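Participant: Structure file data_13.json (JSON, C-alpha atoms) right here:
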[["chain", "number", "residue", "atom", "x", "y", "z"],
["Z", 64, "MET", "CA", 33.30, 40.35, 131.99],
["Z", 65, "ASP", "CA", 34.55, 40.25, 128.45],
["Z", 66, "SER", "CA", 36.01, 43.26, 126.69],
["Z", 67, "MET", "CA", 32.76, 44.12, 124.91],
["Z", 68, "THR", "CA", 30.95, 44.64, 128.19],
["Z", 69, "ILE", "CA", 33.80, 46.65, 129.68],
["Z", 70, "ILE", "CA", 33.93, 48.95, 126.66],
["Z", 71, "ALA", "CA", 30.18, 49.45, 126.70],
["Z", 72, "ILE", "CA", 30.07, 50.23, 130.42],
["Z", 73, "ALA", "CA", 33.04, 52.60, 130.23],
["Z", 74, "SER", "CA", 31.62, 54.47, 127.22],
["Z", 75, "ILE", "CA", 28.17, 54.92, 128.72],
["Z", 76, "VAL", "CA", 29.38, 56.02, 132.15],
["Z", 77, "THR", "CA", 32.02, 58.35, 130.71],
["Z", 78, "ALA", "CA", 29.55, 59.94, 128.30],
["Z", 79, "GLY", "CA", 27.17, 60.74, 131.12],
["Z", 80, "LEU", "CA", 29.89, 62.02, 133.45],
["Z", 81, "THR", "CA", 31.48, 64.12, 130.70],
["Z", 82, "ILE", "CA", 28.41, 66.12, 129.90],
["Z", 83, "ALA", "CA", 27.33, 66.37, 133.54],
["Z", 84, "MET", "CA", 30.60, 67.71, 134.90],
["Z", 85, "GLY", "CA", 31.39, 69.64, 131.76],
["Z", 86, "SER", "CA", 28.29, 71.80, 132.05],
["Z", 87, "ILE", "CA", 28.93, 72.95, 135.62],
["Z", 88, "GLY", "CA", 31.96, 75.15, 134.92],
["Z", 89, "PRO", "CA", 30.61, 77.02, 131.89],
["Z", 90, "ALA", "CA", 27.25, 77.56, 133.57],
["Z", 91, "LEU", "CA", 28.89, 79.18, 136.59],
["Z", 92, "GLY", "CA", 31.18, 81.23, 134.36],
["Z", 93, "GLU", "CA", 28.35, 82.48, 132.17],
["Z", 94, "GLY", "CA", 26.31, 83.42, 135.22],
["Z", 95, "ARG", "CA", 29.13, 85.56, 136.56],
["Z", 96, "ALA", "CA", 29.72, 87.13, 133.15],
["Z", 97, "VAL", "CA", 26.09, 88.14, 132.69],
["Z", 98, "ALA", "CA", 25.87, 89.44, 136.27],
["Z", 99, "THR", "CA", 28.91, 91.68, 135.77],
["Z", 100, "ALA", "CA", 27.60, 92.85, 132.39],
["Z", 101, "LEU", "CA", 24.26, 93.77, 133.94],
["Z", 102, "SER", "CA", 25.86, 95.76, 136.72],
["Z", 103, "SER", "CA", 28.10, 97.66, 134.29],
["Z", 104, "LEU", "CA", 25.07, 98.30, 132.06],
["Z", 105, "ALA", "CA", 23.35, 99.80, 135.08],
["Z", 106, "GLN", "CA", 26.36, 102.02, 135.72],
["Z", 107, "GLN", "CA", 26.85, 103.19, 132.11],
["Z", 108, "PRO", "CA", 23.74, 102.70, 129.99],
["Z", 109, "ASP", "CA", 25.08, 104.61, 126.97],
["Z", 110, "ALA", "CA", 27.86, 102.07, 126.46],
["Z", 111, "SER", "CA", 25.23, 99.37, 126.10],
["Z", 112, "ALA", "CA", 26.14, 98.45, 122.49],
["Z", 113, "THR", "CA", 29.78, 97.78, 123.33],
["Z", 114, "ILE", "CA", 28.92, 95.98, 126.55],
["Z", 115, "THR", "CA", 26.32, 93.79, 124.86],
["Z", 116, "ARG", "CA", 28.61, 92.84, 122.00],
["Z", 117, "THR", "CA", 31.52, 92.05, 124.32],
["Z", 118, "LEU", "CA", 29.17, 90.05, 126.52],
["Z", 119, "PHE", "CA", 28.06, 87.91, 123.58],
["Z", 120, "VAL", "CA", 31.62, 87.29, 122.44],
["Z", 121, "GLY", "CA", 32.64, 86.31, 125.96],
["Z", 122, "LEU", "CA", 29.62, 84.04, 126.36],
["Z", 123, "ALA", "CA", 30.48, 82.27, 123.11],
["Z", 124, "MET", "CA", 34.03, 81.61, 124.29],
["Z", 125, "ILE", "CA", 32.76, 80.20, 127.60],
["Z", 126, "GLU", "CA", 30.06, 78.20, 125.85],
["Z", 127, "SER", "CA", 32.61, 76.51, 123.60],
["Z", 128, "ILE", "CA", 34.00, 74.61, 126.61],
["Z", 129, "ALA", "CA", 30.59, 73.06, 127.18],
["Z", 130, "ILE", "CA", 30.40, 72.34, 123.46],
["Z", 131, "TYR", "CA", 33.71, 70.46, 123.59],
["Z", 132, "CYS", "CA", 32.36, 68.23, 126.38],
["Z", 133, "PHE", "CA", 29.14, 67.70, 124.43],
["Z", 134, "VAL", "CA", 31.04, 66.68, 121.30],
["Z", 135, "VAL", "CA", 33.12, 64.15, 123.27],
["Z", 136, "SER", "CA", 29.94, 62.75, 124.80],
["Z", 137, "MET", "CA", 28.24, 62.44, 121.40],
["Z", 138, "ILE", "CA", 31.29, 60.72, 119.94],
["Z", 139, "LEU", "CA", 31.27, 58.22, 122.80],
["Z", 140, "ILE", "CA", 27.62, 57.40, 122.23],
["Z", 141, "PHE", "CA", 27.23, 57.53, 118.45],
["Z", 142, "ALA", "CA", 30.62, 57.26, 116.76],
["Z", 143, "ASN", "CA", 32.60, 55.25, 119.28],
["Z", 144, "PRO", "CA", 35.67, 53.78, 117.51],
["Z", 145, "PHE", "CA", 36.36, 51.21, 120.26],
["Z", 146, "TRP", "CA", 32.77, 49.98, 120.15],
["Z", 147, "ASN", "CA", 32.78, 49.81, 116.34],
["Z", 148, "HIS", "CA", 36.03, 47.85, 116.41],
["Z", 149, "VAL", "CA", 34.70, 45.36, 118.94],
["Z", 150, "ILE", "CA", 31.38, 45.01, 117.12],
["Z", 151, "ALA", "CA", 33.17, 44.37, 113.82],
["Z", 152, "GLY", "CA", 35.29, 41.72, 115.52],
["Z", 153, "ALA", "CA", 32.22, 40.04, 117.01],
["Z", 154, "ALA", "CA", 30.35, 40.14, 113.69],
["Z", 155, "SER", "CA", 33.26, 38.55, 111.78],
["Z", 156, "ALA", "CA", 33.67, 35.92, 114.52],
["Z", 157, "ALA", "CA", 29.95, 35.08, 114.36],
["Z", 158, "GLY", "CA", 30.00, 35.06, 110.57],
["Z", 159, "LYS", "CA", 32.76, 32.44, 110.35],
["A", 100, "MET", "CA", 21.76, 57.76, 113.94],
["A", 101, "ARG", "CA", 23.30, 60.15, 111.48],
["A", 102, "LEU", "CA", 25.79, 62.52, 113.05],
["A", 103, "SER", "CA", 26.08, 64.92, 110.10],
["A", 104, "PRO", "CA", 24.89, 65.35, 106.50],
["A", 105, "ASP", "CA", 28.20, 63.73, 105.44],
["A", 106, "GLN", "CA", 26.61, 60.31, 105.66],
["A", 107, "LEU", "CA", 23.72, 61.19, 103.35],
["A", 108, "ILE", "CA", 25.14, 60.13, 99.99],
["A", 109, "PHE", "CA", 23.40, 61.10, 96.76],
["A", 110, "TRP", "CA", 25.83, 59.76, 94.18],
["A", 111, "GLN", "CA", 29.06, 57.86, 94.31],
["A", 112, "HIS", "CA", 31.67, 57.04, 91.71],
["A", 113, "GLY", "CA", 34.79, 55.38, 93.07],
["A", 114, "LEU", "CA", 36.43, 57.84, 95.44],
["A", 115, "PHE", "CA", 34.21, 60.83, 94.59],
["A", 116, "LYS", "CA", 31.08, 61.21, 96.65],
["A", 117, "LEU", "CA", 28.31, 63.76, 96.42],
["A", 118, "ASN", "CA", 27.02, 63.84, 99.94],
["A", 119, "GLY", "CA", 24.41, 65.96, 101.67],
["A", 120, "THR", "CA", 26.93, 68.51, 102.91],
["A", 121, "ILE", "CA", 28.13, 69.32, 99.39],
["A", 122, "MET", "CA", 24.63, 69.48, 97.89],
["A", 123, "PHE", "CA", 23.27, 71.74, 100.62],
["A", 124, "THR", "CA", 26.34, 73.98, 100.38],
["A", 125, "TRP", "CA", 25.82, 74.30, 96.63],
["A", 126, "ALA", "CA", 22.16, 75.13, 97.17],
["A", 127, "LEU", "CA", 23.08, 77.89, 99.64],
["A", 128, "MET", "CA", 25.71, 79.25, 97.26],
["A", 129, "ILE", "CA", 23.20, 79.37, 94.40],
["A", 130, "VAL", "CA", 20.65, 81.20, 96.57],
["A", 131, "LEU", "CA", 23.18, 83.77, 97.78],
["A", 132, "VAL", "CA", 24.86, 84.45, 94.43],
["A", 133, "ALA", "CA", 21.69, 84.41, 92.31],
["A", 134, "GLY", "CA", 19.84, 86.55, 94.83],
["A", 135, "ALA", "CA", 22.62, 89.13, 94.95],
["A", 136, "MET", "CA", 22.94, 89.22, 91.15],
["A", 137, "LEU", "CA", 19.21, 89.65, 90.65],
["A", 138, "ILE", "CA", 18.90, 92.42, 93.23],
["A", 139, "THR", "CA", 21.92, 94.45, 92.12],
["A", 140, "ARG", "CA", 21.03, 94.43, 88.44],
["A", 141, "GLN", "CA", 19.52, 97.92, 88.54],
["A", 142, "LEU", "CA", 20.81, 99.87, 91.49],
["A", 143, "SER", "CA", 19.26, 103.28, 92.03],
["A", 144, "THR", "CA", 20.81, 106.12, 93.98],
["A", 145, "GLU", "CA", 17.65, 108.17, 94.38],
["A", 146, "LEU", "CA", 15.29, 108.03, 97.28],
["A", 147, "LYS", "CA", 12.98, 105.59, 95.47],
["A", 148, "ARG", "CA", 14.43, 102.12, 95.39],
["A", 149, "SER", "CA", 13.22, 98.56, 95.42],
["A", 150, "ARG", "CA", 12.66, 96.92, 98.76],
["A", 151, "TRP", "CA", 15.23, 94.22, 98.04],
["A", 152, "GLN", "CA", 17.92, 96.82, 97.42],
["A", 153, "ASN", "CA", 16.89, 98.46, 100.67],
["A", 154, "LEU", "CA", 17.27, 95.13, 102.47],
["A", 155, "LEU", "CA", 20.72, 94.56, 101.05],
["A", 156, "GLU", "CA", 21.79, 98.09, 101.97],
["A", 157, "ILE", "CA", 20.63, 97.59, 105.56],
["A", 158, "VAL", "CA", 22.58, 94.33, 105.76],
["A", 159, "VAL", "CA", 25.76, 95.73, 104.22],
["A", 160, "THR", "CA", 25.85, 98.96, 106.23],
["A", 161, "GLY", "CA", 25.04, 97.01, 109.40],
["A", 162, "ILE", "CA", 27.94, 94.64, 108.88],
["A", 163, "GLY", "CA", 30.24, 97.55, 107.99],
["A", 164, "LYS", "CA", 29.32, 99.35, 111.19],
["A", 165, "GLN", "CA", 29.98, 96.25, 113.28],
["A", 166, "ILE", "CA", 33.39, 95.79, 111.65],
["A", 167, "GLU", "CA", 34.24, 99.39, 112.37],
["A", 168, "ASP", "CA", 33.15, 99.02, 116.01],
["A", 169, "VAL", "CA", 35.57, 96.13, 116.43],
["A", 170, "GLY", "CA", 38.45, 98.41, 115.51],
["A", 171, "LEU", "CA", 39.14, 97.91, 111.80],
["A", 172, "LYS", "CA", 39.57, 101.34, 110.29],
["A", 173, "ASN", "CA", 38.53, 100.76, 106.64],
["A", 174, "PRO", "CA", 35.68, 98.27, 106.68],
["A", 175, "GLU", "CA", 35.50, 98.17, 102.85],
["A", 176, "LYS", "CA", 38.62, 96.04, 102.70],
["A", 177, "TYR", "CA", 37.25, 93.37, 105.00],
["A", 178, "ILE", "CA", 33.52, 93.46, 104.41],
["A", 179, "GLY", "CA", 33.76, 91.05, 101.48],
["A", 180, "PHE", "CA", 35.31, 88.29, 103.56],
["A", 181, "LEU", "CA", 33.59, 88.91, 106.89],
["A", 182, "GLY", "CA", 30.21, 89.65, 105.36],
["A", 183, "THR", "CA", 30.30, 86.45, 103.33],
["A", 184, "LEU", "CA", 31.19, 84.43, 106.43],
["A", 185, "PHE", "CA", 28.27, 85.92, 108.34],
["A", 186, "LEU", "CA", 25.74, 85.57, 105.51],
["A", 187, "PHE", "CA", 26.70, 81.98, 104.71],
["A", 188, "VAL", "CA", 26.52, 80.75, 108.30],
["A", 189, "ALA", "CA", 23.34, 82.74, 109.04],
["A", 190, "LEU", "CA", 21.54, 81.50, 105.91],
["A", 191, "SER", "CA", 22.65, 77.94, 106.64],
["A", 192, "ALA", "CA", 21.05, 78.24, 110.10],
["A", 193, "LEU", "CA", 17.90, 80.01, 108.92],
["A", 194, "CYS", "CA", 17.05, 77.43, 106.26],
["A", 195, "THR", "CA", 16.42, 74.73, 108.89],
["A", 196, "ILE", "CA", 12.81, 75.85, 108.62],
["A", 197, "ILE", "CA", 12.65, 74.11, 105.24],
["A", 198, "PRO", "CA", 11.73, 70.44, 105.79],
["A", 199, "GLY", "CA", 14.30, 67.92, 104.61],
["A", 200, "TYR", "CA", 17.14, 70.41, 104.91],
["A", 201, "GLU", "CA", 20.13, 69.85, 107.15],
["A", 202, "PRO", "CA", 22.59, 72.68, 107.71],
["A", 203, "PRO", "CA", 25.95, 71.97, 106.03],
["A", 204, "THR", "CA", 27.65, 73.69, 108.95],
["A", 205, "GLY", "CA", 26.52, 70.71, 111.02],
["A", 206, "SER", "CA", 29.40, 68.80, 109.47],
["A", 207, "LEU", "CA", 32.93, 69.24, 110.75],
["A", 208, "SER", "CA", 34.27, 69.46, 107.19],
["A", 209, "THR", "CA", 32.39, 72.69, 106.43],
["A", 210, "THR", "CA", 33.28, 74.41, 109.69],
["A", 211, "ALA", "CA", 36.90, 73.29, 109.40],
["A", 212, "ALA", "CA", 37.02, 74.76, 105.89],
["A", 213, "LEU", "CA", 35.57, 78.08, 107.08],
["A", 214, "SER", "CA", 37.98, 78.34, 109.99],
["A", 215, "LEU", "CA", 40.90, 77.43, 107.70],
["A", 216, "CYS", "CA", 39.85, 80.40, 105.55],
["A", 217, "VAL", "CA", 40.07, 82.62, 108.64],
["A", 218, "PHE", "CA", 43.42, 81.05, 109.57],
["A", 219, "LEU", "CA", 44.82, 81.99, 106.15],
["A", 220, "ALA", "CA", 43.13, 85.39, 105.94],
["A", 221, "VAL", "CA", 44.50, 86.73, 109.24],
["A", 222, "PRO", "CA", 48.20, 86.65, 108.23],
["A", 223, "LEU", "CA", 47.32, 87.82, 104.70],
["A", 224, "PHE", "CA", 45.52, 90.92, 105.98],
["A", 225, "GLY", "CA", 48.19, 91.46, 108.60],
["A", 226, "ILE", "CA", 51.03, 91.33, 106.06],
["A", 227, "GLU", "CA", 49.10, 93.56, 103.66],
["A", 228, "GLU", "CA", 48.68, 96.14, 106.40],
["A", 229, "GLN", "CA", 51.98, 95.96, 108.25],
["A", 230, "GLY", "CA", 54.51, 94.46, 105.88],
["A", 231, "LEU", "CA", 56.03, 90.98, 106.18],
["A", 232, "TRP", "CA", 58.82, 91.63, 108.69],
["A", 233, "SER", "CA", 56.74, 93.77, 111.00],
["A", 234, "TYR", "CA", 53.98, 91.14, 111.06],
["A", 235, "LEU", "CA", 56.40, 88.30, 111.80],
["A", 236, "LYS", "CA", 57.98, 90.40, 114.53],
["A", 237, "SER", "CA", 54.60, 90.69, 116.22],
["A", 238, "TYR", "CA", 54.75, 86.98, 117.03],
["A", 239, "ALA", "CA", 57.74, 87.67, 119.28],
["A", 240, "GLU", "CA", 55.86, 90.26, 121.32],
["A", 241, "PRO", "CA", 56.30, 90.99, 124.21],
["A", 242, "THR", "CA", 59.39, 88.74, 124.49],
["A", 243, "ILE", "CA", 60.93, 86.05, 122.25],
["A", 244, "ILE", "CA", 59.95, 83.40, 124.80],
["A", 245, "MET", "CA", 56.31, 83.94, 123.82],
["A", 246, "LEU", "CA", 56.95, 82.85, 120.21],
["A", 247, "PRO", "CA", 55.80, 79.19, 120.57],
["A", 248, "PHE", "CA", 52.84, 80.22, 122.71],
["A", 249, "ASN", "CA", 51.67, 82.76, 120.15],
["A", 250, "ILE", "CA", 51.87, 80.16, 117.40],
["A", 251, "ILE", "CA", 50.00, 77.62, 119.52],
["A", 252, "SER", "CA", 47.31, 80.16, 120.33],
["A", 253, "GLU", "CA", 46.85, 80.87, 116.59],
["A", 254, "VAL", "CA", 46.30, 77.19, 115.86],
["A", 255, "SER", "CA", 44.09, 76.55, 118.87],
["A", 256, "ARG", "CA", 41.74, 79.45, 118.26],
["A", 257, "THR", "CA", 41.27, 78.26, 114.68],
["A", 258, "LEU", "CA", 40.38, 74.81, 116.03],
["A", 259, "ALA", "CA", 38.07, 76.40, 118.58],
["A", 260, "LEU", "CA", 36.23, 78.33, 115.85],
["A", 261, "ALA", "CA", 35.59, 75.14, 113.89],
["A", 262, "VAL", "CA", 34.50, 73.00, 116.83],
["A", 263, "ARG", "CA", 32.31, 75.74, 118.34],
["A", 264, "LEU", "CA", 30.27, 76.21, 115.17],
["A", 265, "PHE", "CA", 30.11, 72.47, 114.46],
["A", 266, "GLY", "CA", 29.04, 71.62, 118.01],
["A", 267, "ASN", "CA", 26.29, 74.24, 118.10],
["A", 268, "MET", "CA", 24.76, 73.29, 114.73],
["A", 269, "MET", "CA", 25.13, 69.54, 115.22],
["A", 270, "SER", "CA", 23.57, 69.64, 118.68],
["A", 271, "GLY", "CA", 20.58, 71.58, 117.40],
["A", 272, "VAL", "CA", 19.88, 69.07, 114.64],
["A", 273, "MET", "CA", 20.41, 66.09, 116.94],
["A", 274, "ILE", "CA", 18.13, 67.42, 119.70],
["A", 275, "ILE", "CA", 15.32, 67.91, 117.19],
["A", 276, "GLY", "CA", 15.90, 64.42, 115.79],
["A", 277, "ILE", "CA", 15.80, 62.81, 119.23],
["A", 278, "LEU", "CA", 12.75, 64.77, 120.31],
["A", 279, "LEU", "CA", 10.87, 63.80, 117.16],
["A", 280, "THR", "CA", 11.01, 60.19, 118.30],
["A", 281, "ILE", "CA", 9.91, 60.98, 121.84],
["A", 282, "THR", "CA", 7.33, 63.82, 121.81],
["A", 283, "PRO", "CA", 6.56, 64.44, 118.16],
["A", 284, "PHE", "CA", 4.05, 67.26, 118.38],
["A", 285, "ILE", "CA", 4.80, 70.63, 119.98],
["A", 286, "PHE", "CA", 8.19, 70.39, 121.66],
["A", 287, "PRO", "CA", 10.32, 69.86, 118.52],
["A", 288, "ILE", "CA", 8.96, 73.15, 117.17],
["A", 289, "VAL", "CA", 10.13, 74.96, 120.31],
["A", 290, "MET", "CA", 13.54, 73.38, 119.92],
["A", 291, "THR", "CA", 13.65, 74.41, 116.26],
["A", 292, "VAL", "CA", 13.08, 78.02, 117.31],
["A", 293, "LEU", "CA", 15.89, 77.70, 119.85],
["A", 294, "GLY", "CA", 18.06, 76.20, 117.11],
["A", 295, "LEU", "CA", 17.35, 79.22, 114.90],
["A", 296, "LEU", "CA", 18.36, 81.59, 117.69],
["A", 297, "THR", "CA", 21.60, 79.80, 118.49],
["A", 298, "GLY", "CA", 22.40, 79.47, 114.78],
["A", 299, "LEU", "CA", 22.12, 83.23, 114.24],
["A", 300, "VAL", "CA", 24.11, 83.99, 117.39],
["A", 301, "GLN", "CA", 26.82, 81.57, 116.28],
["A", 302, "ALA", "CA", 26.95, 83.23, 112.84],
["A", 303, "TYR", "CA", 27.45, 86.59, 114.52],
["A", 304, "ILE", "CA", 30.07, 85.18, 116.91],
["A", 305, "PHE", "CA", 32.00, 83.53, 114.06],
["A", 306, "SER", "CA", 32.28, 86.69, 112.02],
["A", 307, "ILE", "CA", 32.95, 88.96, 115.01],
["A", 308, "LEU", "CA", 35.74, 86.66, 116.22],
["A", 309, "ALA", "CA", 37.24, 86.62, 112.71],
["A", 310, "ALA", "CA", 37.07, 90.44, 112.73],
["A", 311, "VAL", "CA", 38.74, 90.61, 116.16],
["A", 312, "TYR", "CA", 41.57, 88.31, 115.01],
["A", 313, "ILE", "CA", 42.10, 90.40, 111.87],
["A", 314, "ALA", "CA", 42.04, 93.60, 113.95],
["A", 315, "ALA", "CA", 44.67, 92.14, 116.30],
["A", 316, "ALA", "CA", 46.85, 91.22, 113.32],
["A", 317, "THR", "CA", 46.53, 94.57, 111.53],
["A", 318, "ARG", "CA", 47.01, 96.76, 114.57],
["A", 319, "THR", "CA", 50.33, 98.55, 113.93],
["A", 320, "GLY", "CA", 52.69, 98.41, 116.90],
["A", 321, "LYS", "CA", 53.57, 101.99, 117.66],
["A", 322, "PRO", "CA", 50.96, 104.72, 117.41],
["A", 323, "LYS", "CA", 51.82, 107.24, 114.72],
["A", 324, "PRO", "CA", 53.26, 110.46, 116.16],
["A", 325, "LEU", "CA", 50.85, 113.38, 116.15],
["A", 326, "PRO", "CA", 51.67, 116.13, 113.63],
["A", 327, "ALA", "CA", 53.41, 119.12, 115.20],
["A", 328, "PRO", "CA", 50.89, 121.82, 116.14],
["A", 329, "LYS", "CA", 51.11, 124.92, 114.01],
["A", 330, "SER", "CA", 51.89, 127.87, 116.21]]
Using the file provided, produce a representation of the structure as structure tokens.

Facilitator:
Amino acid sequence: MDSMTIIAIASIVTAGLTIAMGSIGPALGEGRAVATALSSLAQQPDASATITRTLFVGLAMIESIAIYCFVVSMILIFANPFWNHVIAGAASAAGK
Amino acid sequence: MRLSPDQLIFWQHGLFKLNGTIMFTWALMIVLVAGAMLITRQLSTELKRSRWQNLLEIVVTGIGKQIEDVGLKNPEKYIGFLGTLFLFVALSALCTIIPGYEPPTGSLSTTAALSLCVFLAVPLFGIEEQGLWSYLKSYAEPTIIMLPFNIISEVSRTLALAVRLFGNMMSGVMIIGILLTITPFIFPIVMTVLGLLTGLVQAYIFSILAAVYIAAATRTGKPKPLPAPKS
């Protein structure tokens, strides 16, 4: 296998694995956060504004981990520097 | 496939480029500034007022109340900065309804610029509230060993702000683009609605996090002693 094939295979497999494994953790964390928020809402309904706002802030922090994995995956698929470098090399070699 | 409006170039002259991000940002700025100037031309303090003034008052008092809930005592000092952050990001998300528009916050340059503003504003507000030496001392709390970690956490939460907003907006645009090539009829509209919701939530999160960072920086260390009770 030449280097082009290796780079392509590695990028595709890594992109898929990144987003797959990177969504498990935040999903579990957000589930626990919402469950705890719901039970504390049931215990103290008049603090619902504070609880809801803190819940949203916490969810955004947890969500950003999944967003990091998504950004890495998108970069690997659409803006892959290794792939661009290899493609440019192949194009200049074919153009000669 | 275009990752961000940065690659949509309208005009180029040597090094200077007018790309989609800049044009859409200018359009948003014109809408916000012109709208505010037109509405506040004749403010009335009686019960009878125009509906636009009513709308602006709801928005401003709502933001002020949220800032106060976070723990900042005088919201008037911070409502200019935090309110502008919220309104810019929210309007940039809402305008995705307009066809041909791409949110400028879907480009890492815009979100990095906004989070750099927060990165600079937090020490400025902190020094204005606490004084220079007291603010710098707060980096060494609770012990001097924490000094590098506090600095690293400042930098990393700025980076996290930028990447969070960029990732959310970029993913919304990209999902709609991909779906348009697969199932072009009903499903992209559902995803656009979801994109609107996440855009507004991210606008709220951005400004609330900026408010929380400013509140942490302006919180004076020791509580002021209570005045002696008059006997």

Participant: Using all atoms listed in the file and a distance of at most 10 Å, pull out the residues of chain A that contact chain Z, as a count of residues only.

Facilitator: 24

Participant: What is the CA of Ser74 in chain Z to CA of Asn143 in chain Z distance in Å?

Facilitator: 8.0 Å

Participant: Might you pull out every residue within 9 Å of Pro222 in chain A, with only C-alpha atoms counted and same-chain residues fewer than 4 positions away left off, and present them as a list in words?

Facilitator: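 In the requested format, the answer is Phe218, Ile226, Glu227, Tyr234, Ile313, Ala316 and Thr317 of chain A.
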
Participant: Determine, counting only C-alpha atoms, which protein, DNA and RNA residues have an atom within 8 Å of an atom of range 97-102 of chain Z; residues of the same chain fewer than 5 positions away are not included. Present the result as a ChimeraX atom specification.

Facilitator: /Z:114-115,118

Participant: Show which residues sit within 8 Å of Ala211 in chain A, as a PDB file with C-alpha atoms, keeping the file's coordinate frame. Count only C-alpha atoms, and ignore same-chain residues fewer than 2 positions away.

Facilitator:
ATOM      1  CA  LEU A 207      32.930  69.240 110.750  1.00  0.00           C
ATOM      2  CA  SER A 208      34.270  69.460 107.190  1.00  0.00           C
ATOM      3  CA  THR A 209      32.390  72.690 106.430  1.00  0.00           C
ATOM      4  CA  LEU A 213      35.570  78.080 107.080  1.00  0.00           C
ATOM      5  CA  SER A 214      37.980  78.340 109.990  1.00  0.00           C
ATOM      6  CA  LEU A 215      40.900  77.430 107.700  1.00  0.00           C
ATOM      7  CA  LEU A 258      40.380  74.810 116.030  1.00  0.00           C
ATOM      8  CA  ALA A 261      35.590  75.140 113.890  1.00  0.00           C
ATOM      9  CA  VAL A 262      34.500  73.000 116.830  1.00  0.00           C
TER      10      VAL A 262
END

Participant: Can you list, as a ChimeraX atom specification, every protein, DNA or RNA residue that comes within 12 Å of Glu240 in chain A when you count all atoms listed in the file, leaving out same-chain residues fewer than 6 positions away?

Facilitator: /A:233-234,246-250,320

Participant: Between CA of Arg150 in chain A and CA of Ala135 in chain A, measure the distance and give it in Å to one decimal.

Facilitator: 13.2 Å

Participant: If I take CA of Pro104 in chain A and CA of Gly205 in chain A, how far is one from the other in Å, to one decimal?

Facilitator: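 Between CA of Pro104 in chain A and CA of Gly205 in chain A the gap works out to 7.2 Å.
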
Participant: Which residue gives the smallest distance to Ile162 in chain A among A:Ser143, A:Ala310, A:Pro203, A:Gly113, with all atoms listed in the file counted?

Facilitator: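 Smallest separation from Ile162 in chain A among the options: A:Ala310.
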
Participant: How would you write as a short mmCIF file (atom, residue, chain, number, x, y, z; two decimals) with C-alpha atoms, in the frame of the given file the residues that get within 6 Å of (36.1, 48.2, 124.3) in the file's frame, counting only C-alpha atoms?

Facilitator:
data_model
loop_
_atom_site.label_atom_id
_atom_site.label_comp_id
_atom_site.auth_asym_id
_atom_site.auth_seq_id
_atom_site.Cartn_x
_atom_site.Cartn_y
_atom_site.Cartn_z
CA SER Z 66 36.01 43.26 126.69
CA MET Z 67 32.76 44.12 124.91
CA ILE Z 70 33.93 48.95 126.66
CA PHE Z 145 36.36 51.21 120.26
CA TRP Z 146 32.77 49.98 120.15
#

Participant: Find the residues around Ile75 in chain Z up to 9 Å (all atoms listed in the file counted), leave out those fewer than 5 positions away in its own chain, and share them as an MDAnalysis selection string.

Facilitator: chainID Z and resid 70 80 136 139:140

Participant: Given only C-alpha atoms as the basis, pick out the residue of A:Ala309, A:Leu219, A:Leu186, A:Leu171 nearest to Val132 in chain A.

Facilitator: A:Leu186
